[in-house]
Every structure is written in C-alpha cells, then in structure tokens.
file run.csv (CSV, C-alpha atoms (C1' of nucleotides))
chain,number,residue,atom,x,y,z
A,24,MET,CA,57.0,115.7,-122.3
A,25,ILE,CA,57.9,118.5,-124.6
A,26,PHE,CA,59.7,120.9,-122.4
A,27,SER,CA,61.9,120.1,-119.4
A,28,SER,CA,61.6,121.7,-116.0
A,29,LYS,CA,64.3,124.2,-117.1
A,30,ALA,CA,61.7,125.9,-119.2
A,31,GLU,CA,59.2,125.9,-116.4
A,32,TYR,CA,61.6,127.3,-113.8
A,33,GLY,CA,63.1,129.8,-116.2
A,34,VAL,CA,59.8,131.1,-117.3
A,35,ARG,CA,58.7,131.5,-113.7
A,36,LEU,CA,61.8,133.3,-113.0
A,37,MET,CA,61.3,135.7,-115.8
A,38,VAL,CA,57.7,136.3,-114.7
A,39,GLU,CA,58.9,137.0,-111.2
A,40,LEU,CA,61.4,139.5,-112.5
A,41,GLY,CA,58.8,141.0,-114.6
A,42,ARG,CA,56.6,141.6,-111.6
A,43,GLN,CA,59.3,143.7,-110.0
A,44,SER,CA,60.4,147.1,-110.9
A,45,PRO,CA,63.7,146.9,-112.6
A,46,GLU,CA,65.2,149.5,-110.3
A,47,HIS,CA,66.6,147.2,-107.6
A,48,PRO,CA,67.9,143.7,-108.5
A,49,THR,CA,66.1,140.6,-107.2
A,50,SER,CA,68.2,138.0,-105.6
A,51,LEU,CA,67.8,134.4,-106.7
A,52,LYS,CA,67.2,133.4,-103.2
A,53,ALA,CA,64.1,135.6,-103.1
A,54,VAL,CA,62.8,134.0,-106.3
A,55,ALA,CA,63.6,130.5,-105.1
A,56,GLU,CA,61.7,131.1,-101.9
A,57,ALA,CA,58.7,132.7,-103.6
A,58,GLU,CA,58.4,129.9,-106.1
A,59,GLY,CA,59.6,127.0,-103.9
A,60,LEU,CA,62.4,126.0,-106.2
A,61,PRO,CA,65.9,124.8,-105.4
A,62,LEU,CA,68.3,127.7,-105.4
A,63,ALA,CA,71.3,125.8,-106.6
A,64,TYR,CA,69.4,124.6,-109.6
A,65,LEU,CA,68.0,128.0,-110.4
A,66,GLU,CA,71.5,129.3,-110.7
A,67,GLN,CA,72.1,127.0,-113.7
A,68,VAL,CA,68.8,128.1,-115.2
A,69,VAL,CA,69.4,131.8,-114.9
A,70,ALA,CA,72.9,131.4,-116.3
A,71,ARG,CA,71.3,130.5,-119.6
A,72,LEU,CA,69.1,133.5,-119.5
A,73,ARG,CA,72.0,135.7,-118.8
A,74,LYS,CA,74.0,134.2,-121.7
A,75,ALA,CA,71.1,135.0,-123.9
A,76,GLU,CA,71.1,138.5,-122.6
A,77,LEU,CA,67.6,138.3,-121.5
A,78,VAL,CA,68.5,139.2,-117.9
A,79,MET,CA,71.3,141.3,-116.4
A,80,SER,CA,73.0,140.7,-113.1
A,81,ALA,CA,74.9,142.5,-110.3
A,82,ARG,CA,77.2,140.6,-108.0
A,83,GLY,CA,77.9,141.1,-104.3
A,84,ALA,CA,75.6,142.1,-101.5
A,85,HIS,CA,72.3,143.5,-102.6
A,86,GLY,CA,73.1,142.1,-106.0
A,87,GLY,CA,70.7,140.0,-108.1
A,88,TYR,CA,69.0,139.9,-111.5
A,89,TRP,CA,66.6,142.0,-113.5
A,90,LEU,CA,65.2,142.0,-117.0
A,91,ALA,CA,67.5,143.3,-119.7
A,92,ARG,CA,64.5,144.7,-121.6
A,93,ALA,CA,60.9,145.7,-121.0
A,94,PRO,CA,58.5,142.6,-120.7
A,95,GLU,CA,56.7,143.8,-123.8
A,96,GLU,CA,59.8,143.5,-125.8
A,97,ILE,CA,60.6,139.9,-124.8
A,98,SER,CA,58.9,137.2,-126.8
A,99,MET,CA,58.6,133.9,-125.1
A,100,ASP,CA,60.1,132.4,-128.2
A,101,GLU,CA,63.5,133.8,-127.1
A,102,VAL,CA,63.1,132.7,-123.5
A,103,VAL,CA,62.2,129.2,-124.2
A,104,GLN,CA,64.9,129.0,-126.9
A,105,ALA,CA,67.5,130.2,-124.4
A,106,LEU,CA,66.4,127.6,-121.8
A,107,GLU,CA,65.8,124.6,-124.0
A,108,GLY,CA,68.0,125.1,-126.9
A,109,ALA,CA,66.7,124.9,-130.4
A,110,ILE,CA,63.0,123.9,-130.7
A,111,ALA,CA,63.3,120.8,-132.9
A,112,PRO,CA,60.5,118.3,-133.1
A,113,MET,CA,62.9,115.6,-134.2
A,114,GLU,CA,66.5,114.7,-133.8
A,115,CYS,CA,67.6,115.3,-137.4
A,116,PHE,CA,66.2,118.8,-137.4
A,117,VAL,CA,69.0,120.1,-135.2
A,118,ASN,CA,71.8,117.7,-135.8
A,119,GLU,CA,72.2,117.6,-139.6
A,120,HIS,CA,75.7,116.2,-139.6
A,121,THR,CA,75.3,113.2,-137.4
A,122,GLU,CA,74.5,110.4,-139.7
A,123,ARG,CA,71.8,108.6,-137.8
A,124,VAL,CA,69.1,106.2,-139.2
A,125,LEU,CA,66.6,108.9,-138.4
A,126,CYS,CA,68.2,111.1,-141.0
A,127,SER,CA,67.6,109.3,-144.2
A,128,HIS,CA,65.4,112.2,-145.0
A,129,GLU,CA,67.3,113.8,-147.8
A,130,PRO,CA,68.7,110.9,-149.7
A,131,ASP,CA,65.3,109.3,-150.0
A,132,ALA,CA,65.6,108.5,-153.6
A,133,GLY,CA,64.3,111.9,-154.7
A,134,ARG,CA,60.9,111.6,-153.2
A,135,GLY,CA,59.9,114.1,-150.5
A,136,CYS,CA,60.3,113.0,-146.9
A,137,ALA,CA,56.9,112.8,-145.5
A,138,THR,CA,57.8,113.0,-141.9
A,139,LYS,CA,59.8,116.1,-142.4
A,140,LEU,CA,56.7,117.8,-143.8
A,141,LEU,CA,54.8,116.9,-140.6
A,142,TRP,CA,57.5,117.9,-138.2
A,143,THR,CA,58.0,121.2,-140.0
A,144,ARG,CA,54.3,122.0,-139.6
A,145,VAL,CA,54.4,121.1,-135.9
A,146,GLN,CA,57.5,123.1,-135.4
A,147,GLY,CA,55.8,126.0,-137.0
A,148,GLY,CA,52.8,125.7,-134.7
A,149,ILE,CA,55.0,125.7,-131.7
A,150,ILE,CA,57.2,128.6,-132.7
A,151,ARG,CA,54.2,130.7,-133.7
A,152,SER,CA,52.6,130.1,-130.3
A,153,LEU,CA,55.7,131.2,-128.6
A,154,GLN,CA,56.4,134.2,-130.7
A,155,GLN,CA,52.9,135.5,-130.3
A,156,THR,CA,53.2,135.5,-126.5
A,157,THR,CA,55.3,138.2,-124.7
A,158,LEU,CA,56.6,138.1,-121.2
A,159,ALA,CA,54.3,141.1,-120.5
A,160,ASP,CA,51.3,138.8,-121.3
A,161,LEU,CA,52.3,136.4,-118.7
A,162,VAL,CA,53.1,139.0,-116.1
A,163,GLU,CA,49.7,140.6,-116.6
A,164,PHE,CA,48.0,137.2,-116.4
A,165,SER,CA,49.8,136.5,-113.2
A,166,ARG,CA,48.7,139.8,-111.7
A,167,ARG,CA,44.9,139.5,-112.0
A,168,GLY,CA,43.3,136.2,-111.1
A,169,GLU,CA,42.2,134.4,-114.2
A,170,PRO,CA,40.6,136.9,-116.6
A,171,HIS,CA,39.2,135.8,-119.9
A,172,ARG,CA,39.9,132.0,-119.6
A,173,GLU,CA,41.9,130.9,-122.6
A,174,PRO,CA,40.0,128.7,-125.0
A,175,GLN,CA,41.7,125.5,-124.0
A,176,VAL,CA,42.2,123.0,-126.8
A,177,VAL,CA,40.2,119.8,-126.4
A,178,LEU,CA,42.5,116.9,-126.4
A,179,PRO,CA,41.5,113.2,-126.0
A,180,ALA,CA,42.6,111.4,-122.9
A,181,ALA,CA,46.0,109.8,-122.7
A,182,GLY,CA,45.5,106.2,-123.8
A,183,ALA,CA,42.2,106.5,-125.7
A,184,ALA,CA,43.0,107.1,-129.3
A,185,ALA,CA,39.6,106.2,-130.6
B,470,MET,CA,63.7,117.0,-128.8
B,471,ILE,CA,60.0,117.0,-128.8
B,472,PHE,CA,59.1,113.6,-130.3
B,473,SER,CA,61.0,110.4,-129.8
B,474,SER,CA,62.0,108.1,-132.6
B,475,LYS,CA,58.9,106.1,-132.0
B,476,ALA,CA,57.0,108.9,-133.6
B,477,GLU,CA,59.3,109.0,-136.5
B,478,TYR,CA,59.3,105.3,-137.1
B,479,GLY,CA,55.6,105.0,-136.6
B,480,VAL,CA,54.7,107.8,-139.0
B,481,ARG,CA,57.0,106.3,-141.6
B,482,LEU,CA,55.3,103.0,-141.2
B,483,MET,CA,51.9,104.6,-141.6
B,484,VAL,CA,53.0,106.4,-144.7
B,485,GLU,CA,54.4,103.2,-146.1
B,486,LEU,CA,51.1,101.4,-145.5
B,487,GLY,CA,49.3,104.3,-147.0
B,488,ARG,CA,51.3,103.9,-150.2
B,489,GLN,CA,50.1,100.3,-150.6
B,490,SER,CA,46.7,99.2,-151.6
B,491,PRO,CA,45.0,97.8,-148.6
B,492,GLU,CA,44.1,94.6,-150.4
B,493,HIS,CA,47.2,92.6,-149.4
B,494,PRO,CA,48.8,93.1,-146.0
B,495,THR,CA,52.4,94.4,-145.9
B,496,SER,CA,54.9,92.6,-143.7
B,497,LEU,CA,56.9,94.5,-141.2
B,498,LYS,CA,60.0,93.0,-142.7
B,499,ALA,CA,59.3,94.7,-146.0
B,500,VAL,CA,58.7,98.1,-144.2
B,501,ALA,CA,61.9,97.6,-142.2
B,502,GLU,CA,63.9,97.0,-145.3
B,503,ALA,CA,62.4,99.8,-147.3
B,504,GLU,CA,63.0,102.3,-144.5
B,505,GLY,CA,66.2,100.9,-143.1
B,506,LEU,CA,64.8,100.4,-139.6
B,507,PRO,CA,65.3,97.6,-137.0
B,508,LEU,CA,62.6,95.1,-137.4
B,509,ALA,CA,62.4,94.0,-133.8
B,510,TYR,CA,61.9,97.6,-132.7
B,511,LEU,CA,59.3,98.3,-135.3
B,512,GLU,CA,57.3,95.5,-133.8
B,513,GLN,CA,57.0,97.5,-130.6
B,514,VAL,CA,56.1,100.6,-132.5
B,515,VAL,CA,53.4,99.0,-134.6
B,516,ALA,CA,51.9,97.4,-131.5
B,517,ARG,CA,50.9,100.8,-130.3
B,518,LEU,CA,49.2,101.6,-133.6
B,519,ARG,CA,47.3,98.4,-133.5
B,520,LYS,CA,46.1,99.0,-130.0
B,521,ALA,CA,44.9,102.4,-131.1
B,522,GLU,CA,43.1,100.6,-134.0
B,523,LEU,CA,44.9,102.6,-136.6
B,524,VAL,CA,46.2,99.5,-138.3
B,525,MET,CA,44.9,96.0,-138.6
B,526,SER,CA,47.0,92.8,-138.8
B,527,ALA,CA,46.9,89.2,-140.0
B,528,ARG,CA,49.2,86.6,-138.6
B,529,GLY,CA,50.9,83.7,-140.2
B,530,ALA,CA,52.6,83.4,-143.6
B,531,HIS,CA,51.7,86.2,-146.0
B,532,GLY,CA,50.3,88.1,-143.0
B,533,GLY,CA,51.1,91.7,-142.3
B,534,TYR,CA,49.6,95.1,-141.6
B,535,TRP,CA,47.3,97.5,-143.3
B,536,LEU,CA,45.5,100.7,-142.5
B,537,ALA,CA,42.3,100.4,-140.6
B,538,ARG,CA,40.8,103.4,-142.4
B,539,ALA,CA,41.4,105.4,-145.5
B,540,PRO,CA,44.4,107.7,-145.2
B,541,GLU,CA,42.1,110.7,-145.6
B,542,GLU,CA,40.2,109.7,-142.5
B,543,ILE,CA,43.4,109.4,-140.3
B,544,SER,CA,44.6,112.6,-138.7
B,545,MET,CA,48.2,112.7,-137.7
B,546,ASP,CA,46.9,113.8,-134.3
B,547,GLU,CA,45.7,110.3,-133.6
B,548,VAL,CA,48.8,108.7,-135.0
B,549,VAL,CA,51.2,110.8,-132.9
B,550,GLN,CA,49.0,110.4,-129.9
B,551,ALA,CA,49.0,106.7,-130.2
B,552,LEU,CA,52.8,106.6,-130.6
B,553,GLU,CA,53.9,109.1,-128.0
B,554,GLY,CA,51.1,109.1,-125.5
B,555,ALA,CA,49.4,112.4,-124.5
B,556,ILE,CA,50.8,115.5,-126.0
B,557,ALA,CA,51.8,117.5,-123.0
B,558,PRO,CA,54.2,120.4,-123.0
B,559,MET,CA,54.9,120.0,-119.3
B,560,GLU,CA,54.8,117.3,-116.7
B,561,CYS,CA,51.9,118.6,-114.6
B,562,PHE,CA,49.7,118.7,-117.7
B,563,VAL,CA,49.4,115.0,-117.9
B,564,ASN,CA,50.0,113.9,-114.3
B,565,GLU,CA,47.7,116.0,-112.2
B,566,HIS,CA,47.7,113.8,-109.1
B,567,THR,CA,51.5,113.5,-108.6
B,568,GLU,CA,52.3,116.3,-106.2
B,569,ARG,CA,55.5,117.6,-107.7
B,570,VAL,CA,57.1,121.0,-107.2
B,571,LEU,CA,56.2,121.7,-110.8
B,572,CYS,CA,52.6,121.5,-110.0
B,573,SER,CA,52.2,124.4,-107.7
B,574,HIS,CA,50.0,125.7,-110.5
B,575,GLU,CA,46.6,125.7,-108.9
B,576,PRO,CA,47.2,126.6,-105.3
B,577,ASP,CA,49.0,129.7,-106.4
B,578,ALA,CA,47.2,131.9,-103.9
B,579,GLY,CA,44.4,132.7,-106.3
B,580,ARG,CA,46.5,134.3,-109.0
B,581,GLY,CA,46.6,132.7,-112.4
B,582,CYS,CA,49.5,130.5,-113.2
B,583,ALA,CA,51.5,132.2,-115.9
B,584,THR,CA,53.4,129.3,-117.2
B,585,LYS,CA,50.2,127.3,-117.6
B,586,LEU,CA,48.9,130.0,-119.9
B,587,LEU,CA,52.0,129.7,-122.0
B,588,TRP,CA,52.1,125.9,-122.2
B,589,THR,CA,48.4,125.8,-123.0
B,590,ARG,CA,49.0,128.0,-126.0
B,591,VAL,CA,51.9,125.9,-127.1
B,592,GLN,CA,49.9,122.7,-126.7
B,593,GLY,CA,47.2,124.3,-128.8
B,594,GLY,CA,49.6,125.1,-131.5
B,595,ILE,CA,51.0,121.6,-131.7
B,596,ILE,CA,47.7,119.8,-131.6
B,597,ARG,CA,46.2,122.1,-134.3
B,598,SER,CA,49.1,121.4,-136.6
B,599,LEU,CA,48.7,117.7,-136.1
B,600,GLN,CA,44.9,117.7,-136.5
B,601,GLN,CA,45.1,119.7,-139.7
B,602,THR,CA,47.4,117.1,-141.3
B,603,THR,CA,46.0,113.8,-142.5
B,604,LEU,CA,47.9,110.7,-143.4
B,605,ALA,CA,46.8,111.3,-147.0
B,606,ASP,CA,48.6,114.6,-147.1
B,607,LEU,CA,51.9,112.8,-146.2
B,608,VAL,CA,51.3,109.9,-148.6
B,609,GLU,CA,50.6,112.4,-151.4
B,610,PHE,CA,53.7,114.4,-150.4
B,611,SER,CA,55.9,111.3,-150.5
B,612,ARG,CA,54.6,110.3,-153.9
B,613,ARG,CA,55.6,113.4,-155.9
B,614,GLY,CA,59.0,114.9,-155.3
B,615,GLU,CA,58.7,118.1,-153.4
B,616,PRO,CA,55.8,120.1,-154.8
B,617,HIS,CA,55.1,123.5,-153.3
B,618,ARG,CA,57.8,123.6,-150.7
B,619,GLU,CA,56.3,124.3,-147.3
B,620,PRO,CA,57.0,127.8,-146.0
B,621,GLN,CA,59.5,126.7,-143.4
B,622,VAL,CA,59.5,128.7,-140.2
B,623,VAL,CA,62.6,130.8,-139.7
B,624,LEU,CA,64.3,129.8,-136.4
B,625,PRO,CA,67.5,131.2,-135.0
B,626,ALA,CA,70.4,128.9,-134.8
B,627,ALA,CA,70.8,126.7,-131.8
B,628,GLY,CA,73.0,128.5,-129.4
B,629,ALA,CA,72.6,132.1,-130.7
B,630,ALA,CA,69.8,133.6,-128.8
B,631,ALA,CA,70.8,137.2,-129.5
C,998,DG,C1',86.9,141.9,-93.0
C,999,DC,C1',82.6,140.0,-92.7
C,1000,DT,C1',78.4,139.0,-95.2
C,1001,DT,C1',75.8,138.6,-99.2
C,1002,DA,C1',75.2,137.1,-103.5
C,1003,DA,C1',76.6,136.0,-108.3
C,1004,DC,C1',79.5,132.7,-110.7
C,1005,DC,C1',81.6,128.3,-112.0
C,1006,DG,C1',82.4,123.4,-112.6
C,1007,DA,C1',82.3,118.8,-111.1
C,1008,DC,C1',79.5,115.2,-109.7
C,1009,DC,C1',75.6,111.8,-109.3
C,1010,DG,C1',71.2,108.8,-109.1
C,1011,DC,C1',67.4,107.7,-111.7
C,1012,DG,C1',64.3,106.9,-115.4
C,1013,DC,C1',63.5,106.8,-120.0
C,1014,DT,C1',64.8,105.8,-124.8
C,1015,DG,C1',66.3,102.9,-128.3
C,1016,DG,C1',67.3,98.5,-129.2
C,1017,DT,C1',68.1,93.3,-128.7
C,1018,DA,C1',66.9,88.4,-127.6
C,1019,DG,C1',64.2,84.6,-127.5
C,1020,DG,C1',60.5,82.5,-127.7
C,1021,DA,C1',55.2,81.3,-128.5
C,1022,DT,C1',51.5,81.4,-131.6
C,1023,DT,C1',49.1,81.6,-135.9
C,1024,DT,C1',48.6,80.8,-140.9
C,1025,DA,C1',49.7,79.6,-145.9
C,1026,DC,C1',51.5,76.3,-148.7
C,1027,DG,C1',53.5,71.9,-150.5
D,1488,DC,C1',51.6,67.1,-141.5
D,1489,DG,C1',55.7,69.9,-141.6
D,1490,DT,C1',57.9,73.8,-142.4
D,1491,DA,C1',58.4,78.6,-143.3
D,1492,DA,C1',56.7,83.2,-142.6
D,1493,DA,C1',54.9,86.1,-140.1
D,1494,DT,C1',52.6,88.4,-135.9
D,1495,DC,C1',52.8,88.6,-131.0
D,1496,DC,C1',54.7,88.9,-126.3
D,1497,DT,C1',58.0,89.6,-122.4
D,1498,DA,C1',62.1,90.3,-120.5
D,1499,DC,C1',66.4,92.5,-120.6
D,1500,DC,C1',70.1,95.9,-121.3
D,1501,DA,C1',73.4,100.0,-122.2
D,1502,DG,C1',73.6,104.9,-122.6
D,1503,DC,C1',72.3,109.3,-121.6
D,1504,DG,C1',69.8,113.3,-120.4
D,1505,DC,C1',67.4,115.4,-116.6
D,1506,DG,C1',66.9,117.2,-112.1
D,1507,DG,C1',69.5,118.3,-108.5
D,1508,DT,C1',73.6,118.8,-105.1
D,1509,DC,C1',78.1,120.4,-103.4
D,1510,DG,C1',82.1,123.1,-102.8
D,1511,DG,C1',84.4,126.7,-103.9
D,1512,DT,C1',85.7,131.4,-106.0
D,1513,DT,C1',84.9,136.1,-107.0
D,1514,DA,C1',82.8,140.5,-106.4
D,1515,DA,C1',80.4,144.2,-104.0
D,1516,DG,C1',78.3,146.5,-99.8
D,1517,DC,C1',78.7,147.8,-94.9

call {"tool": "encode", "arguments": {"input": "run.csv", "output": "structure tokens"}}
result
Amino acid sequence: MIFSSKAEYGVRLMVELGRQSPEHPTSLKAVAEAEGLPLAYLEQVVARLRKAELVMSARGAHGGYWLARAPEEISMDEVVQALEGAIAPMECFVNEHTERVLCSHEPDAGRGCATKLLWTRVQGGIIRSLQQTTLADLVEFSRRGEPHREPQVVLPAAGAAA
Amino acid sequence: MIFSSKAEYGVRLMVELGRQSPEHPTSLKAVAEAEGLPLAYLEQVVARLRKAELVMSARGAHGGYWLARAPEEISMDEVVQALEGAIAPMECFVNEHTERVLCSHEPDAGRGCATKLLWTRVQGGIIRSLQQTTLADLVEFSRRGEPHREPQVVLPAAGAAA
DNA sequence: GCTTAACCGACCGCGCTGGTAGGATTTACG
DNA sequence: CGTAAATCCTACCAGCGCGGTCGGTTAAGC
C-alpha cells in the first residue's frame, strides 16, 4: 500500500472542511460522525494539517477547524505531504545519511544507479499527479454525483503478471 | 515509503541479469556479491520473478538465472508488480471485499468519493511511469556513467510543508 | 463554573518487512 | 558414484510502523 490511512482520513477531512463555508468552524466531532471515523485518531491527523498551516483552529465551545486558504489554492501535493511526510519511493531517497545496504547508490563505482533512475521517474509521476489536483477539484467532485468519469488506468490483476 | 526493499533488490537483480549475455546463467551468489545483498533473502525475491515468468532458472552446478525475454520487452511495470503485488495507493483499491471503514467509498449516498478520484490519479501517474520504462533503459543507464541527468522533480524537504 | 472542544503525550496490539536457518533436490564434473 | 554447486522450499524470528485508545490539560462560550 502506498499511502496509509492518515492520508485517507486527512484528505476526507479537508474535503469536508472545503464543503463548509469558512465562516463558522467545524468541530472534529462533526467530521468524525459524518465520515464514520474515530475521533481520537482524527485529532492526530488534523494536528499534522495544522502544523502545515493548511487548516486553522479555534478552541473552546463552538470552536473547530477551517481551511487556511481557499480550496483552489490548496494543491493535494501539500496535503498529502503534510499527512504522510516526504513522498519517497524508496528508503534511501529520504534518509541520505543512514548508511543502509539499500543506499549503495552513489558509490557504485562511477556507473549510474539504475534503480535510482526508476524511482525518480515514479516519484515524478506521483508528485505531478498530486500537484495537478487541487482541493477544489475534490470538493467539486464530491458535490455532484460522478460527472465525467475519470479515465481509469487499466492495471492487470494482482497476481497475474503475464 | 512506497516500495519495499523487495522492489529495490529485485530491480537490481533484473538489471544485473540484463547486463549479462543470456547464454550462460548467472548464479544468485554472484549477484549477491556484486550488489552486496544477502543471498538467502535474494532467493525469496527471485522466486517472485520466476513465478511471474520474468526470469528462468537452471538448477544444479553451473545453474543460475537469466532473463526470460529481451530487456527491451520487459516493462518495469511488470517487474515491480511481480515484486510488490498490485500497485494500489490505498487499502480499498485492492481489497474490495473486506468491509473496512476505509471503504465507505461506494455507498457514499450517491455522491462521488473524492479520495477515490485522487488515488486513481496517483495510481495512474505511478503506473504510467513504470510502463514507460523498460529494463533496457535501466541496463543502458547502468552501463554509461550518468548521461543526460534526469530532470529530478523538485520536492520540498520532509517536515517543511510551508 | 459548567460544557464544549482543541490540544497533548503516553501507551499498545497487530501485522508486515527484512532477514535467517536448515534442509531437500537437482545437475555438472572428476 | 561422490561431491560440490546451485536452485528450491518452508519455517521461523525480531523490530517497527500503523491504526487506534486513553487520560488529562487548556481555552473559550454561556
């Protein structure tokens, strides 16, 4: 699995906030009930979004959360990054100083590291997909039913590699 | 992290095989020593590639492994798929019948599931990157030093989401 | 001062990942 | 035939990250 449930929950939360007018804050409890998610866990998730300054909060009664910016100005790249940490396809991509076996990339006797080329391309593919999608896209999509059905990529079934 | 070390090791193994002429089989021991990887673990990795019919094997003395097809005919999509299983950005993408909280996608009261849209796009980005790269690309890249330096995607540092 | 809700940190079971161990089977070679 | 070299197979294990809970503290409204 590529993304953990933190990403799933966090994105849902963002969409939920995007559906509200930013006038009155939305309580986590409301989101948790609407989406059927554990409240206590949502707290941890939203904390990341707050640290990343994607949402703002007000404490006390009638407090809650709202988007720090307009949904059009929030790229999902930022959101996922805040929730999951750096988007790295492979260990060595993020942790350059831990000398693991995985990371014999550089000192590979001068020849280019083939896997690094591959992971770089994959990483590019992911980040591009995320950057091209804004929160507003998701909010709009969640409003109407299913509009113009995304051209879903054909992928071979799990085990069958043939 | 997106891919596990199985993918890393497996891809390296494939590149290593691609560098050899397919006349004489290459022993795992040779690969393990060349790449500095644990032999016993490599066995498990290569087993997946064999089941996916990406490599062939001969037992006994002077046995070993070789590519089942020419490197040009092997897309990294197949390789990674064989090593990691299905490329799914989120739990519910692969396991449609386990009724987890995550999977309240469909019965979402008629409105489109926003996260599904996002994960579908991401999945598309990944699979496209993998499909567009063949083993031959990696083998060639590993032969010369570092030729035309891939345009690496700019990604903000780990913690800093601002 | 009670209620609501954000905030914070500690804790915990479970499953998966990365890796080891030990053996069984097959083949080349002398 | 015997031995060495290799694939093949299964079981096992430690560590750790993930998903989630709990208890408590602070802050704001009424």

call {"tool": "residues_around", "arguments": {"input": "run.csv", "residues": "segment 141-155 of chain A", "least_positions_apart": "5", "cutoff": "7 Å", "atoms": "all atoms listed in the file", "output": "ChimeraX atom specification"}}
result
/A:98-100,111-112 /B:590-591,594-595,598-599,621-622

call {"tool": "residues_around", "arguments": {"input": "run.csv", "residues": "segment 1001-1008 of chain C", "least_positions_apart": "3", "cutoff": "10 Å", "atoms": "all atoms listed in the file", "output": "short mmCIF file (atom, residue, chain, number, x, y, z; two decimals) with C-alpha atoms (C1' of nucleotides), keeping the file's coordinate frame"}}
result
data_model
loop_
_atom_site.label_atom_id
_atom_site.label_comp_id
_atom_site.auth_asym_id
_atom_site.auth_seq_id
_atom_site.Cartn_x
_atom_site.Cartn_y
_atom_site.Cartn_z
CA SER A 50 68.20 138.00 -105.60
CA LEU A 51 67.80 134.40 -106.70
CA LYS A 52 67.20 133.40 -103.20
CA GLU A 66 71.50 129.30 -110.70
CA GLN A 67 72.10 127.00 -113.70
CA ALA A 70 72.90 131.40 -116.30
CA SER A 80 73.00 140.70 -113.10
CA ALA A 81 74.90 142.50 -110.30
CA ARG A 82 77.20 140.60 -108.00
CA GLY A 83 77.90 141.10 -104.30
CA ALA A 84 75.60 142.10 -101.50
CA HIS A 85 72.30 143.50 -102.60
CA GLY A 86 73.10 142.10 -106.00
CA GLY A 87 70.70 140.00 -108.10
CA TYR A 88 69.00 139.90 -111.50
"C1'" DT D 1508 73.60 118.80 -105.10
"C1'" DC D 1509 78.10 120.40 -103.40
"C1'" DG D 1510 82.10 123.10 -102.80
"C1'" DG D 1511 84.40 126.70 -103.90
"C1'" DT D 1512 85.70 131.40 -106.00
"C1'" DT D 1513 84.90 136.10 -107.00
"C1'" DA D 1514 82.80 140.50 -106.40
"C1'" DA D 1515 80.40 144.20 -104.00
"C1'" DG D 1516 78.30 146.50 -99.80
#

call {"tool": "atom_distance", "arguments": {"input": "run.csv", "atom1": "atom CA of Glu39 of chain A", "atom2": "atom C1' of DC1505 of chain D"}}
result
23.8 Å

call {"tool": "residues_around", "arguments": {"input": "run.csv", "residues": "Leu536 of chain B", "least_positions_apart": "3", "cutoff": "10 Å", "atoms": "all atoms listed in the file", "output": "MDAnalysis selection string"}}
result
chainID B and resid 483:487 489:491 494:495 518:519 522:526 539:540 543

call {"tool": "write_last_selection", "arguments": {"input": "run.csv", "atoms": "C-alpha atoms", "output": "compact mmCIF listing (two decimals), keeping the file's coordinate frame"}}
result
# COMPACT_ATOMS: atom_id res chain seq x y z
CA MET B 483 51.90 104.60 -141.60
CA VAL B 484 53.00 106.40 -144.70
CA GLU B 485 54.40 103.20 -146.10
CA LEU B 486 51.10 101.40 -145.50
CA GLY B 487 49.30 104.30 -147.00
CA GLN B 489 50.10 100.30 -150.60
CA SER B 490 46.70 99.20 -151.60
CA PRO B 491 45.00 97.80 -148.60
CA PRO B 494 48.80 93.10 -146.00
CA THR B 495 52.40 94.40 -145.90
CA LEU B 518 49.20 101.60 -133.60
CA ARG B 519 47.30 98.40 -133.50
CA GLU B 522 43.10 100.60 -134.00
CA LEU B 523 44.90 102.60 -136.60
CA VAL B 524 46.20 99.50 -138.30
CA MET B 525 44.90 96.00 -138.60
CA SER B 526 47.00 92.80 -138.80
CA ALA B 539 41.40 105.40 -145.50
CA PRO B 540 44.40 107.70 -145.20
CA ILE B 543 43.40 109.40 -140.30

call {"tool": "atom_distance", "arguments": {"input": "run.csv", "atom1": "atom C1' of DA1021 of chain C", "atom2": "atom CA of Ala537 of chain B"}}
result
26.0 Å

call {"tool": "interface_residues", "arguments": {"input": "run.csv", "of": "chain D", "to": "chain B", "cutoff": "7 Å", "atoms": "all atoms listed in the file", "output": "list in words"}}
result
DA1492, DA1493 and DT1494 of chain D

call {"tool": "closest_residue", "arguments": {"input": "run.csv", "among": "B:Ala605, B:Leu511, B:Ala551, B:Ala503", "to": "chain A", "atoms": "all atoms listed in the file"}}
result
B:Ala551
